[in-house]
file my_file.txt (compact mmCIF, C-alpha atoms and all ligand atoms)
# COMPACT_ATOMS: atom_id res chain seq x y z
CA MET A 765 26.91 -42.05 15.63
CA ASP A 766 28.16 -41.29 19.13
CA THR A 767 28.67 -44.41 21.26
CA ALA A 768 28.19 -44.83 25.01
CA ALA A 769 31.99 -44.60 25.31
CA ASP A 770 31.95 -41.25 23.46
CA ILE A 771 29.33 -39.89 25.86
CA THR A 772 31.17 -41.17 28.96
CA ALA A 773 34.42 -39.61 27.80
CA MET A 774 32.85 -36.24 26.99
CA ARG A 775 30.97 -36.17 30.29
CA ARG A 776 34.26 -36.77 32.09
CA ALA A 777 35.82 -33.91 30.10
CA ILE A 778 32.98 -31.59 31.19
CA THR A 779 33.52 -32.59 34.84
CA LEU A 780 37.25 -31.93 34.50
CA ALA A 781 36.63 -28.52 32.90
CA ALA A 782 34.63 -27.37 35.94
CA ARG A 783 37.73 -27.73 38.13
CA GLY A 784 39.14 -24.64 36.42
CA LEU A 785 36.20 -22.36 37.32
CA GLY A 786 37.48 -19.19 38.95
CA SER A 787 41.12 -19.53 37.92
CA THR A 788 41.32 -19.48 34.10
CA SER A 789 40.02 -16.02 33.14
CA PRO A 790 40.31 -14.42 30.71
CA ASN A 791 40.43 -17.93 29.23
CA PRO A 792 37.56 -20.46 29.17
CA VAL A 793 37.35 -23.58 31.31
CA VAL A 794 38.17 -26.63 29.16
CA GLY A 795 38.47 -30.34 29.84
CA CYS A 796 39.97 -33.05 27.63
CA VAL A 797 39.96 -36.86 27.69
CA ILE A 798 42.00 -39.03 25.30
CA LEU A 799 41.14 -42.65 24.53
CA ASP A 800 43.74 -44.79 22.74
CA ALA A 801 43.12 -46.54 19.40
CA ALA A 802 41.47 -49.45 21.25
CA GLY A 803 39.14 -47.08 23.19
CA ARG A 804 40.96 -47.35 26.52
CA PRO A 805 41.56 -44.24 28.69
CA ALA A 806 45.01 -42.86 27.84
CA GLY A 807 45.12 -39.36 29.32
CA GLU A 808 43.05 -36.47 30.63
CA GLY A 809 43.51 -32.92 31.75
CA PHE A 810 41.94 -29.49 32.18
CA HIS A 811 42.97 -25.88 31.75
CA GLN A 812 44.04 -24.81 35.22
CA ARG A 813 45.06 -21.16 34.86
CA ALA A 814 45.56 -18.49 32.19
CA GLY A 815 49.05 -18.70 30.75
CA GLY A 816 49.35 -22.38 31.68
CA PRO A 817 48.96 -25.33 29.28
CA HIS A 818 45.57 -25.87 27.69
CA ALA A 819 43.52 -28.96 28.55
CA GLU A 820 44.57 -30.79 25.37
CA ILE A 821 48.26 -30.35 26.20
CA HIS A 822 47.82 -31.77 29.71
CA ALA A 823 45.91 -34.75 28.27
CA LEU A 824 48.42 -35.33 25.46
CA ARG A 825 51.31 -35.28 27.94
CA ALA A 826 49.51 -37.84 30.10
CA ALA A 827 48.71 -40.05 27.08
CA GLY A 828 52.18 -39.95 25.48
CA ASP A 829 52.48 -42.38 22.53
CA ARG A 830 49.09 -43.88 23.35
CA ALA A 831 47.41 -40.84 21.77
CA ARG A 832 48.48 -42.07 18.30
CA GLY A 833 45.42 -43.32 16.43
CA GLY A 834 43.18 -42.44 19.37
CA THR A 835 40.28 -40.02 19.98
CA ALA A 836 40.43 -36.73 21.87
CA TYR A 837 37.24 -35.45 23.55
CA VAL A 838 37.36 -31.72 24.24
CA THR A 839 34.64 -29.50 25.72
CA LEU A 840 35.58 -26.57 23.43
CA GLU A 841 36.92 -26.53 19.86
CA PRO A 842 40.72 -26.86 20.04
CA CYS A 843 42.36 -23.45 19.57
CA ASN A 844 44.10 -22.55 16.37
CA HIS A 845 46.24 -19.64 17.45
CA THR A 846 49.53 -19.10 19.19
CA GLY A 847 48.86 -17.03 22.28
CA ARG A 848 50.79 -17.55 25.48
CA THR A 849 50.81 -21.25 24.52
CA GLY A 850 50.98 -22.98 21.11
CA PRO A 851 47.90 -23.96 19.06
CA CYS A 852 46.21 -27.11 20.38
CA ALA A 853 44.95 -28.20 16.93
CA GLN A 854 48.60 -28.52 15.81
CA ALA A 855 49.57 -30.40 18.98
CA LEU A 856 46.78 -32.93 18.41
CA ILE A 857 47.89 -33.42 14.78
CA GLU A 858 51.53 -33.90 15.78
CA ALA A 859 50.53 -36.46 18.42
CA GLY A 860 48.82 -38.53 15.71
CA VAL A 861 45.29 -38.31 17.15
CA ALA A 862 42.91 -39.77 14.53
CA ARG A 863 39.62 -38.24 15.71
CA VAL A 864 38.68 -35.14 17.71
CA VAL A 865 35.20 -34.82 19.22
CA TYR A 866 34.47 -31.36 20.63
CA ALA A 867 31.27 -30.14 22.26
CA VAL A 868 31.09 -26.40 21.50
CA GLY A 869 32.58 -24.32 18.67
CA ASP A 870 34.97 -21.55 19.71
CA PRO A 871 33.22 -18.17 19.27
CA ASN A 872 36.47 -16.27 19.90
CA PRO A 873 37.49 -14.83 16.49
CA GLN A 874 41.19 -15.06 17.41
CA ALA A 875 41.09 -18.74 18.32
CA THR A 876 38.49 -20.25 16.00
CA GLY A 877 39.34 -22.47 13.01
CA GLY A 878 40.85 -25.36 14.97
CA ALA A 879 38.42 -27.88 13.47
CA ASP A 880 39.31 -26.77 9.91
CA THR A 881 43.01 -27.15 10.67
CA LEU A 882 42.40 -30.65 12.02
CA ARG A 883 40.36 -31.69 8.97
CA ALA A 884 42.94 -30.25 6.56
CA ALA A 885 45.49 -32.56 8.23
CA GLY A 886 43.21 -35.58 7.80
CA VAL A 887 41.95 -35.74 11.40
CA LYS A 888 38.23 -36.49 11.78
CA ALA A 889 36.70 -33.54 13.68
CA GLU A 890 33.12 -33.71 15.00
CA GLN A 891 31.19 -30.98 16.85
CA GLY A 892 28.16 -31.08 19.16
CA LEU A 893 28.41 -34.05 21.54
CA LEU A 894 26.80 -32.98 24.89
CA ALA A 895 26.94 -29.39 23.61
CA ASP A 896 24.24 -28.15 26.03
CA GLU A 897 26.03 -29.56 29.08
CA ALA A 898 29.39 -28.20 27.96
CA GLU A 899 27.84 -24.81 27.14
CA THR A 900 26.28 -24.62 30.62
CA GLY A 901 29.65 -25.44 32.21
CA ASN A 902 31.31 -22.66 30.24
CA ALA A 903 28.39 -20.20 30.39
CA ALA A 904 30.40 -17.40 31.98
CA TRP A 905 33.16 -17.34 29.39
CA LEU A 906 30.87 -17.91 26.40
CA THR A 907 28.56 -15.10 27.55
CA SER A 908 31.50 -12.75 28.01
CA VAL A 909 32.78 -13.46 24.49
CA ARG A 910 29.34 -13.10 22.90
CA LEU A 911 28.25 -9.96 24.82
CA GLY A 912 31.59 -8.29 25.49
CA ARG A 913 30.85 -8.00 29.22
CA PRO A 914 31.28 -10.32 32.21
CA TYR A 915 28.64 -12.93 32.99
CA VAL A 916 26.64 -11.83 36.05
CA LEU A 917 25.26 -14.20 38.69
CA TRP A 918 23.10 -12.39 41.24
CA LYS A 919 22.93 -14.19 44.56
CA TYR A 920 20.77 -13.33 47.56
CA ALA A 921 19.74 -14.91 50.83
CA ALA A 922 16.16 -14.33 51.95
CA THR A 923 13.48 -15.47 54.34
CA LEU A 924 10.59 -17.51 53.01
CA ASP A 925 8.65 -14.24 52.78
CA GLY A 926 11.37 -12.72 50.60
CA ARG A 927 13.09 -10.37 53.10
CA ILE A 928 16.87 -9.90 53.02
CA ALA A 929 17.08 -7.98 56.28
CA ALA A 930 14.85 -7.10 59.22
CA ALA A 931 13.11 -3.75 59.56
CA ASP A 932 15.99 -2.48 61.76
CA ALA A 933 18.49 -3.47 58.95
CA THR A 934 19.97 -6.40 60.89
CA SER A 935 20.53 -9.31 58.51
CA ARG A 936 23.01 -11.75 60.10
CA TRP A 937 22.40 -14.62 59.65
CA ILE A 938 19.23 -15.31 57.69
CA THR A 939 20.45 -18.55 56.12
CA SER A 940 22.29 -21.53 57.59
CA PRO A 941 26.06 -22.18 57.86
CA GLU A 942 25.64 -24.72 55.04
CA SER A 943 24.22 -22.05 52.71
CA ARG A 944 26.92 -19.59 53.69
CA ALA A 945 29.59 -22.19 52.90
CA ASP A 946 27.93 -22.72 49.51
CA VAL A 947 28.25 -18.97 48.82
CA HIS A 948 32.00 -19.27 49.33
CA ARG A 949 32.03 -21.84 46.53
CA LEU A 950 30.23 -19.31 44.28
CA ARG A 951 32.82 -16.69 45.23
CA ALA A 952 35.65 -19.10 44.42
CA GLU A 953 34.15 -19.75 40.98
CA ALA A 954 33.79 -16.02 40.19
CA ASP A 955 36.44 -13.59 38.99
CA ALA A 956 34.91 -10.68 40.92
CA VAL A 957 32.44 -10.16 43.78
CA VAL A 958 30.41 -6.93 43.62
CA VAL A 959 28.35 -5.14 46.30
CA GLY A 960 26.76 -1.70 46.59
CA SER A 961 27.67 1.06 49.01
CA GLY A 962 24.57 0.32 51.12
CA THR A 963 25.82 -3.18 51.87
CA ALA A 964 29.34 -1.91 52.53
CA ARG A 965 27.92 0.58 55.06
CA ALA A 966 25.56 -1.87 56.76
CA ASP A 967 27.74 -4.98 56.92
CA ASP A 968 31.42 -4.00 56.40
CA PRO A 969 31.78 -7.27 54.40
CA GLN A 970 35.20 -8.80 53.71
CA LEU A 971 33.99 -10.52 50.48
CA GLY A 972 36.87 -13.04 50.30
CA VAL A 973 36.69 -16.82 49.88
CA ARG A 974 37.05 -18.70 53.13
CA GLY A 975 37.16 -22.44 53.79
CA ILE A 976 38.03 -23.61 50.27
CA GLU A 977 41.58 -24.88 49.93
CA GLY A 978 43.48 -23.64 46.89
CA ALA A 979 40.74 -21.17 45.88
CA VAL A 980 41.82 -18.16 43.84
CA GLN A 981 40.53 -15.04 45.62
CA PRO A 982 38.16 -12.98 43.44
CA LEU A 983 38.58 -9.27 42.87
CA ARG A 984 36.41 -7.45 45.44
CA VAL A 985 34.39 -4.52 44.08
CA VAL A 986 32.30 -1.97 45.99
CA VAL A 987 30.12 0.40 43.95
CA ASP A 988 30.38 3.56 46.03
CA THR A 989 29.49 6.64 43.95
CA GLY A 990 30.54 9.33 46.39
CA ALA A 991 33.44 7.32 47.93
CA GLY A 992 31.76 7.70 51.30
CA ALA A 993 31.00 4.10 52.27
CA VAL A 994 34.44 2.48 52.31
CA ARG A 995 36.64 4.13 54.95
CA PRO A 996 40.24 3.28 55.83
CA GLY A 997 40.21 0.10 57.92
CA ALA A 998 37.19 -1.38 56.12
CA ARG A 999 37.47 -5.18 55.95
CA VAL A 1000 37.19 -5.11 52.16
CA LEU A 1001 40.53 -3.24 52.07
CA ASP A 1002 42.47 -5.97 53.89
CA ASP A 1003 45.32 -7.58 51.99
CA THR A 1004 43.78 -11.02 51.37
CA ALA A 1005 42.59 -10.14 47.84
CA PRO A 1006 42.67 -7.23 45.40
CA THR A 1007 39.93 -4.61 45.77
CA LEU A 1008 38.40 -1.92 43.57
CA ILE A 1009 36.15 0.85 44.85
CA ALA A 1010 34.13 2.14 41.91
CA VAL A 1011 33.50 5.87 42.39
CA ALA A 1012 32.17 8.74 40.28
CA ASP A 1013 34.60 10.68 38.08
CA ASP A 1014 34.33 13.67 40.41
CA ALA A 1015 34.31 11.88 43.79
CA ASP A 1016 36.85 12.82 46.47
CA ALA A 1017 38.59 9.46 47.00
CA ARG A 1018 41.86 10.69 48.57
CA HIS A 1019 41.31 8.49 51.65
CA LEU A 1020 41.35 5.32 49.51
CA PRO A 1021 44.49 3.50 48.27
CA GLU A 1022 45.19 4.97 44.82
CA GLY A 1023 45.37 1.61 43.04
CA ALA A 1024 41.99 0.61 44.46
CA VAL A 1025 40.01 3.47 42.90
CA LEU A 1026 38.06 2.86 39.68
CA ARG A 1027 36.54 6.06 38.28
CA LEU A 1028 33.32 5.67 36.30
CA PRO A 1029 30.61 7.89 34.81
CA ARG A 1030 27.36 8.35 36.69
CA ALA A 1031 24.24 6.57 35.41
CA ALA A 1032 22.56 8.52 32.60
CA THR A 1033 19.23 8.17 34.41
CA GLY A 1034 18.64 7.28 38.04
CA PRO A 1035 21.04 7.13 40.95
CA GLY A 1036 24.57 5.82 41.17
CA LEU A 1037 27.12 4.77 38.60
CA ASP A 1038 26.57 3.52 35.07
CA VAL A 1039 26.20 -0.29 35.30
CA PRO A 1040 27.28 -1.06 31.69
CA ALA A 1041 30.36 1.16 32.20
CA LEU A 1042 31.21 -0.76 35.37
CA LEU A 1043 30.92 -4.09 33.56
CA ALA A 1044 32.95 -2.79 30.59
CA ALA A 1045 35.72 -1.64 32.95
CA LEU A 1046 35.80 -5.02 34.68
CA HIS A 1047 35.82 -6.83 31.32
CA GLY A 1048 38.78 -4.68 30.29
CA ARG A 1049 40.63 -5.99 33.34
CA GLY A 1050 40.12 -9.62 32.32
CA ILE A 1051 37.05 -10.24 34.51
CA ARG A 1052 34.77 -12.77 32.78
CA SER A 1053 32.36 -13.60 35.64
CA VAL A 1054 30.84 -11.48 38.39
CA LEU A 1055 29.09 -12.64 41.55
CA LEU A 1056 26.70 -9.81 42.43
CA GLU A 1057 26.03 -10.08 46.16
CA GLY A 1058 23.58 -7.19 46.41
CA GLY A 1059 22.11 -5.44 48.04
CA PRO A 1060 18.63 -5.05 46.63
CA THR A 1061 19.15 -1.51 45.29
CA LEU A 1062 22.22 -2.33 43.22
CA ALA A 1063 20.69 -5.65 42.12
CA GLY A 1064 17.65 -3.70 40.88
CA ALA A 1065 19.92 -1.52 38.74
CA PHE A 1066 21.60 -4.60 37.24
CA VAL A 1067 18.23 -6.17 36.44
CA ALA A 1068 17.00 -2.89 34.93
CA ALA A 1069 20.12 -2.78 32.73
CA GLY A 1070 19.40 -6.34 31.48
CA THR A 1071 22.71 -7.55 32.89
CA VAL A 1072 21.71 -10.44 35.18
CA ASP A 1073 22.38 -13.81 33.55
CA LYS A 1074 21.61 -16.13 36.46
CA VAL A 1075 19.87 -15.81 39.82
CA VAL A 1076 20.71 -17.98 42.82
CA GLY A 1077 18.37 -17.47 45.77
CA TYR A 1078 18.91 -19.11 49.16
CA LEU A 1079 15.55 -19.30 50.90
CA ALA A 1080 15.55 -19.92 54.66
CA PRO A 1081 12.49 -21.29 56.48
CA VAL A 1082 12.25 -18.04 58.44
CA LEU A 1083 9.57 -15.34 58.47
CA LEU A 1084 10.17 -11.64 59.16
CA GLY A 1085 7.04 -9.92 57.88
CA ALA A 1086 8.85 -6.58 57.53
CA GLY A 1087 12.17 -5.41 56.10
CA PRO A 1088 13.54 -4.89 52.59
CA ALA A 1089 12.68 -7.29 49.79
CA ALA A 1090 15.38 -9.20 47.92
CA LEU A 1091 15.10 -6.91 44.90
CA ALA A 1092 14.39 -3.16 44.89
CA ASP A 1093 13.19 -1.09 41.93
CA ALA A 1094 14.22 -2.74 38.67
CA GLY A 1095 12.23 -0.44 36.39
CA ILE A 1096 9.27 -2.83 36.29
CA SER A 1097 5.93 -1.20 37.05
CA THR A 1098 3.34 -3.49 35.53
CA ILE A 1099 2.86 -7.25 35.55
CA THR A 1100 3.23 -7.61 31.78
CA ASP A 1101 6.80 -6.29 32.13
CA ALA A 1102 7.71 -8.81 34.85
CA LEU A 1103 11.02 -10.53 34.20
CA ARG A 1104 10.11 -14.19 33.91
CA LEU A 1105 12.73 -16.82 34.67
CA ASP A 1106 13.19 -20.52 34.06
CA VAL A 1107 14.11 -22.53 37.15
CA THR A 1108 17.11 -24.71 36.29
CA GLU A 1109 17.70 -26.27 39.72
CA THR A 1110 16.26 -26.59 43.22
CA VAL A 1111 18.40 -28.11 45.97
CA ARG A 1112 18.12 -28.47 49.74
CA ILE A 1113 21.18 -26.92 51.41
CA GLY A 1114 20.97 -27.82 55.09
CA PRO A 1115 17.61 -26.44 56.26
CA ASP A 1116 17.41 -23.98 53.34
CA LEU A 1117 16.35 -24.20 49.71
CA ARG A 1118 18.65 -23.03 46.90
CA ILE A 1119 16.81 -22.02 43.74
CA THR A 1120 18.70 -21.32 40.52
CA ALA A 1121 16.94 -19.56 37.64
CA VAL A 1122 17.87 -17.91 34.36
CA PRO A 1123 15.99 -15.31 32.31
CA GLY A 1124 13.57 -16.91 29.86
CA PRO A 1125 14.48 -17.40 26.18
CA ALA A 1126 12.95 -14.06 25.18
CA ARG A 1127 15.77 -12.29 26.98
CA LYS A 1128 18.64 -14.48 25.80
CA GLY A 1129 21.24 -12.56 23.85
CA ASN A 1130 20.37 -9.38 25.75
N1 LIG B 1 20.49 -11.13 52.44
C1 LIG B 1 21.20 -10.78 51.38
O1 LIG B 1 21.37 -11.55 50.44
C2 LIG B 1 21.83 -9.43 51.37
C3 LIG B 1 22.86 -9.18 50.44
C4 LIG B 1 23.40 -7.91 50.41
C5 LIG B 1 22.92 -6.94 51.25
N2 LIG B 1 21.94 -7.22 52.15
C6 LIG B 1 21.39 -6.19 53.02
O2 LIG B 1 20.91 -5.16 52.18
C7 LIG B 1 21.00 -3.93 52.84
C8 LIG B 1 21.69 -2.93 51.93
O3 LIG B 1 20.99 -2.87 50.72
P1 LIG B 1 20.82 -1.51 49.93
O4 LIG B 1 19.84 -1.78 48.86
O5 LIG B 1 20.58 -0.44 50.89
O6 LIG B 1 22.28 -1.27 49.37
P2 LIG B 1 23.11 -1.77 48.10
O7 LIG B 1 22.25 -2.28 47.02
O8 LIG B 1 24.24 -2.61 48.60
O9 LIG B 1 23.76 -0.41 47.65
C9 LIG B 1 22.93 0.57 47.10
C10 LIG B 1 23.74 1.79 46.80
O10 LIG B 1 24.65 1.50 45.76
C11 LIG B 1 25.00 2.73 45.14
N3 LIG B 1 24.94 2.61 43.70
C12 LIG B 1 25.95 2.84 42.86
N4 LIG B 1 25.56 2.71 41.60
C13 LIG B 1 24.25 2.38 41.62
C14 LIG B 1 23.30 2.13 40.60
N5 LIG B 1 23.59 2.19 39.31
N6 LIG B 1 22.05 1.85 40.99
C15 LIG B 1 21.71 1.78 42.27
N7 LIG B 1 22.57 2.00 43.29
C16 LIG B 1 23.85 2.31 42.96
C17 LIG B 1 23.96 3.76 45.60
O11 LIG B 1 24.56 4.60 46.58
P3 LIG B 1 25.65 5.70 46.17
O12 LIG B 1 25.31 6.11 44.77
O13 LIG B 1 25.51 6.74 47.16
O14 LIG B 1 26.96 4.98 46.25
C18 LIG B 1 22.91 2.92 46.30
O15 LIG B 1 22.27 3.58 47.34
C19 LIG B 1 21.76 -4.19 54.12
O16 LIG B 1 20.83 -4.29 55.17
C20 LIG B 1 22.42 -5.52 53.88
O17 LIG B 1 22.62 -6.23 55.06
C21 LIG B 1 21.39 -8.44 52.22
call {"tool": "encode", "arguments": {"input": "my_file.txt", "output": "structure tokens"}}
result
Amino acid sequence: MDTAADITAMRRAITLAARGLGSTSPNPVVGCVILDAAGRPAGEGFHQRAGGPHAEIHALRAAGDRARGGTAYVTLEPCNHTGRTGPCAQALIEAGVARVVYAVGDPNPQATGGADTLRAAGVKAEQGLLADEAETGNAAWLTSVRLGRPYVLWKYAATLDGRIAAADATSRWITSPESRADVHRLRAEADAVVVGSGTARADDPQLGVRGIEGAVQPLRVVVDTGAGAVRPGARVLDDTAPTLIAVADDADARHLPEGAVLRLPRAATGPGLDVPALLAALHGRGIRSVLLEGGPTLAGAFVAAGTVDKVVGYLAPVLLGAGPAALADAGISTITDALRLDVTETVRIGPDLRITAVPGPARKGN
């Protein structure tokens, strides 16, 4: 049976894992806590960046000899393969750890089997402690492994009556400085930020992370079928972060930097580029999580394609009465087809309300 000390240690490991969000792709975020044989904290660590030591290695280094006979708490099953770093299961065995408690099994076929290796060496290996919490913390990476595409978080900022811009297309600033700062945190946690050509035209957004020390800048992506929205001098082309302009196979993109052009097929039906092809191309470049920042037309296409995994809406206590709604056509024409969500969190951010929701269970695994 898991003790209070087991739960405390695993919860700490989950907190540590979250520190890696935005900088570990294509790897997962992982945290690890080691207690010595007497149950006292001996070491802890988290995976900080791809190619760097895994969480277990950081924790084992911190624990030194005190790991012998102790327990390691890891948010994900210790890996079993030699990639850019050695297998963690072997490192735990060599350090003399007696028991390994891990929250979630590794679904990655190349890395799985760590628990079997531990057991074969006589180490007690137990799965499932705080699995839901650990799974939520690693949702982006787990989704990308299971579905073979990046996890997509769609974020929007709207008035209380659901408008994302005024009738004359002006939209700055609907929400408060506090909400806008919170969006920079979402950007810092994502591997890529995506907007449509309509937003690029209307707002000339820069899409980088500002105000968060040490943040890894996400890849900036504009979905611009005809290559007409992003012109030389656009803020998204500055040198603060890498940028991709996704254009159609046949678009004239000679005015764009060659390395910034991503050629994609057009959507089989409807306007624009093929959303699954865009996500597949990003996945191929190591992108495991996408922050979709709109606008409503592109967000509608993502919803229609069944590729929105989480919605974060910032609602400002403001009324407009006219102007575009947060989401445009998503292929839903009758109420029985409405996409129903489960609210997972509501928080006050300054004067605004942040609502987080995920598609209901019927859509999971989509
Ligand atoms: N408050 C907020 O949260 C927020 C966030 C973002 C934007 N906005 C506002 O939203 C407005 C712009 O929204 P918008 O809806 O016009 O533009 P959008 O969603 O940013 O871009 C839409 C365009 O993306 C291109 N596209 C490429 N592939 C597509 C696909 N598969 N499906 C659909 N479109 C695809 C299409 O143009 P091409 O095919 O010609 O490239 C389409 O017209 C601006 O006023 C902006 O300020 C508000």
call {"tool": "axis_aligned_box", "arguments": {"input": "my_file.txt", "around": "stretch 1087-1100 of chain A", "padding_each_side": "8 Å", "output": "AutoDock Vina command-line options"}}
result
--center_x 9.1 --center_y -4.8 --center_z 43.9 --size_x 28.5 --size_y 24.8 --size_z 40.3
call {"tool": "atom_distance", "arguments": {"input": "my_file.txt", "atom1": "atom CA of A:Asp766", "atom2": "atom CA of A:Ala903"}}
result
23.9 Å
call {"tool": "residues_near_ligand", "arguments": {"input": "my_file.txt", "ligand": "ligand LIG 1 (chain B)", "cutoff": "7 Å", "atoms": "only C-alpha atoms and all ligand atoms", "output": "count of residues only"}}
result
39
call {"tool": "atom_distance", "arguments": {"input": "my_file.txt", "atom1": "atom CA of A:Ala884", "atom2": "atom CA of A:Ala862"}}
result
12.4 Å
call {"tool": "closest_residue", "arguments": {"input": "my_file.txt", "among": "A:Arg965, A:Arg927, A:Arg832, A:Arg974", "to": "A:Gly1077", "atoms": "only C-alpha atoms"}}
result
A:Arg927
call {"tool": "closest_residue", "arguments": {"input": "my_file.txt", "among": "A:Leu1055, A:Leu950, A:Leu1028, A:Ala1089", "to": "A:Asp1073", "atoms": "all atoms listed in the file"}}
result
A:Leu1055
call {"tool": "atom_distance", "arguments": {"input": "my_file.txt", "atom1": "atom CA of A:Asp1106", "atom2": "atom CA of A:Ala898"}}
result
18.9 Å
call {"tool": "closest_residue", "arguments": {"input": "my_file.txt", "among": "A:Pro996, A:Gly869, A:Gly834, A:Gly809", "to": "A:Ala777", "atoms": "only C-alpha atoms"}}
result
A:Gly809
call {"tool": "closest_residue", "arguments": {"input": "my_file.txt", "among": "A:Gly1087, A:Pro805, A:Pro941, A:Pro914", "to": "A:Tyr837", "atoms": "only C-alpha atoms"}}
result
A:Pro805
call {"tool": "closest_residue", "arguments": {"input": "my_file.txt", "among": "A:Pro982, A:Pro1081, A:Gly1034, A:Gly828", "to": "A:Ile1051", "atoms": "all atoms listed in the file"}}
result
A:Pro982
call {"tool": "residues_around", "arguments": {"input": "my_file.txt", "residues": "A:Ser940", "least_positions_apart": "5", "cutoff": "8 Å", "atoms": "all atoms listed in the file", "output": "ChimeraX atom specification"}}
result
/A:1080,1114-1116
call {"tool": "write_last_selection", "arguments": {"input": "my_file.txt", "atoms": "C-alpha atoms", "output": "mmCIF file, keeping the file's coordinate frame"}}
result
data_model
loop_
_atom_site.group_PDB
_atom_site.id
_atom_site.type_symbol
_atom_site.label_atom_id
_atom_site.label_comp_id
_atom_site.auth_asym_id
_atom_site.auth_seq_id
_atom_site.Cartn_x
_atom_site.Cartn_y
_atom_site.Cartn_z
ATOM 1 C CA ALA A 1080 15.550 -19.920 54.660
ATOM 2 C CA GLY A 1114 20.970 -27.820 55.090
ATOM 3 C CA PRO A 1115 17.610 -26.440 56.260
ATOM 4 C CA ASP A 1116 17.410 -23.980 53.340
#
call {"tool": "decode", "arguments": {"input": "my_file.txt", "residues": "stretch 808-862 of chain A", "atoms": "C-alpha atoms", "output": "tab-separated table (two decimals), in the first residue's frame"}}
result
chain	number	residue	atom	x	y	z
A	808	GLU	CA	15.72	14.93	-6.82
A	809	GLY	CA	15.84	16.12	-10.38
A	810	PHE	CA	13.95	16.65	-13.63
A	811	HIS	CA	14.62	16.28	-17.33
A	812	GLN	CA	15.62	19.76	-18.43
A	813	ARG	CA	16.28	19.46	-22.17
A	814	ALA	CA	16.48	16.84	-24.92
A	815	GLY	CA	19.96	15.36	-25.09
A	816	GLY	CA	20.63	16.21	-21.43
A	817	PRO	CA	20.50	13.76	-18.52
A	818	HIS	CA	17.16	12.19	-17.68
A	819	ALA	CA	15.42	13.01	-14.38
A	820	GLU	CA	16.60	9.78	-12.73
A	821	ILE	CA	20.25	10.58	-13.51
A	822	HIS	CA	19.99	14.07	-11.98
A	823	ALA	CA	18.36	12.58	-8.86
A	824	LEU	CA	20.88	9.73	-8.59
A	825	ARG	CA	23.78	12.18	-8.86
A	826	ALA	CA	22.27	14.30	-6.10
A	827	ALA	CA	21.65	11.25	-3.89
A	828	GLY	CA	25.07	9.61	-4.35
A	829	ASP	CA	25.57	6.61	-2.02
A	830	ARG	CA	22.35	7.43	-0.19
A	831	ALA	CA	20.36	5.94	-3.07
A	832	ARG	CA	21.50	2.43	-2.03
A	833	GLY	CA	18.55	0.57	-0.52
A	834	GLY	CA	16.28	3.55	-1.12
A	835	THR	CA	13.17	4.24	-3.23
A	836	ALA	CA	13.01	6.20	-6.48
A	837	TYR	CA	9.74	7.94	-7.41
A	838	VAL	CA	9.51	8.71	-11.13
A	839	THR	CA	6.60	10.27	-13.04
A	840	LEU	CA	7.22	8.02	-16.09
A	841	GLU	CA	8.51	4.44	-16.33
A	842	PRO	CA	12.33	4.57	-16.37
A	843	CYS	CA	13.62	4.16	-19.93
A	844	ASN	CA	15.23	0.96	-21.06
A	845	HIS	CA	17.09	2.08	-24.14
A	846	THR	CA	20.33	3.79	-24.97
A	847	GLY	CA	19.50	6.94	-26.90
A	848	ARG	CA	21.51	10.10	-26.51
A	849	THR	CA	21.88	9.06	-22.84
A	850	GLY	CA	22.17	5.62	-21.20
A	851	PRO	CA	19.18	3.58	-19.98
A	852	CYS	CA	17.82	4.85	-16.65
A	853	ALA	CA	16.63	1.39	-15.51
A	854	GLN	CA	20.27	0.23	-15.57
A	855	ALA	CA	21.46	3.34	-13.73
A	856	LEU	CA	18.92	2.75	-10.95
A	857	ILE	CA	20.03	-0.90	-10.65
A	858	GLU	CA	23.71	0.05	-10.50
A	859	ALA	CA	23.00	2.64	-7.80
A	860	GLY	CA	21.47	-0.09	-5.64
A	861	VAL	CA	17.95	1.39	-5.48
A	862	ALA	CA	15.68	-1.23	-3.85
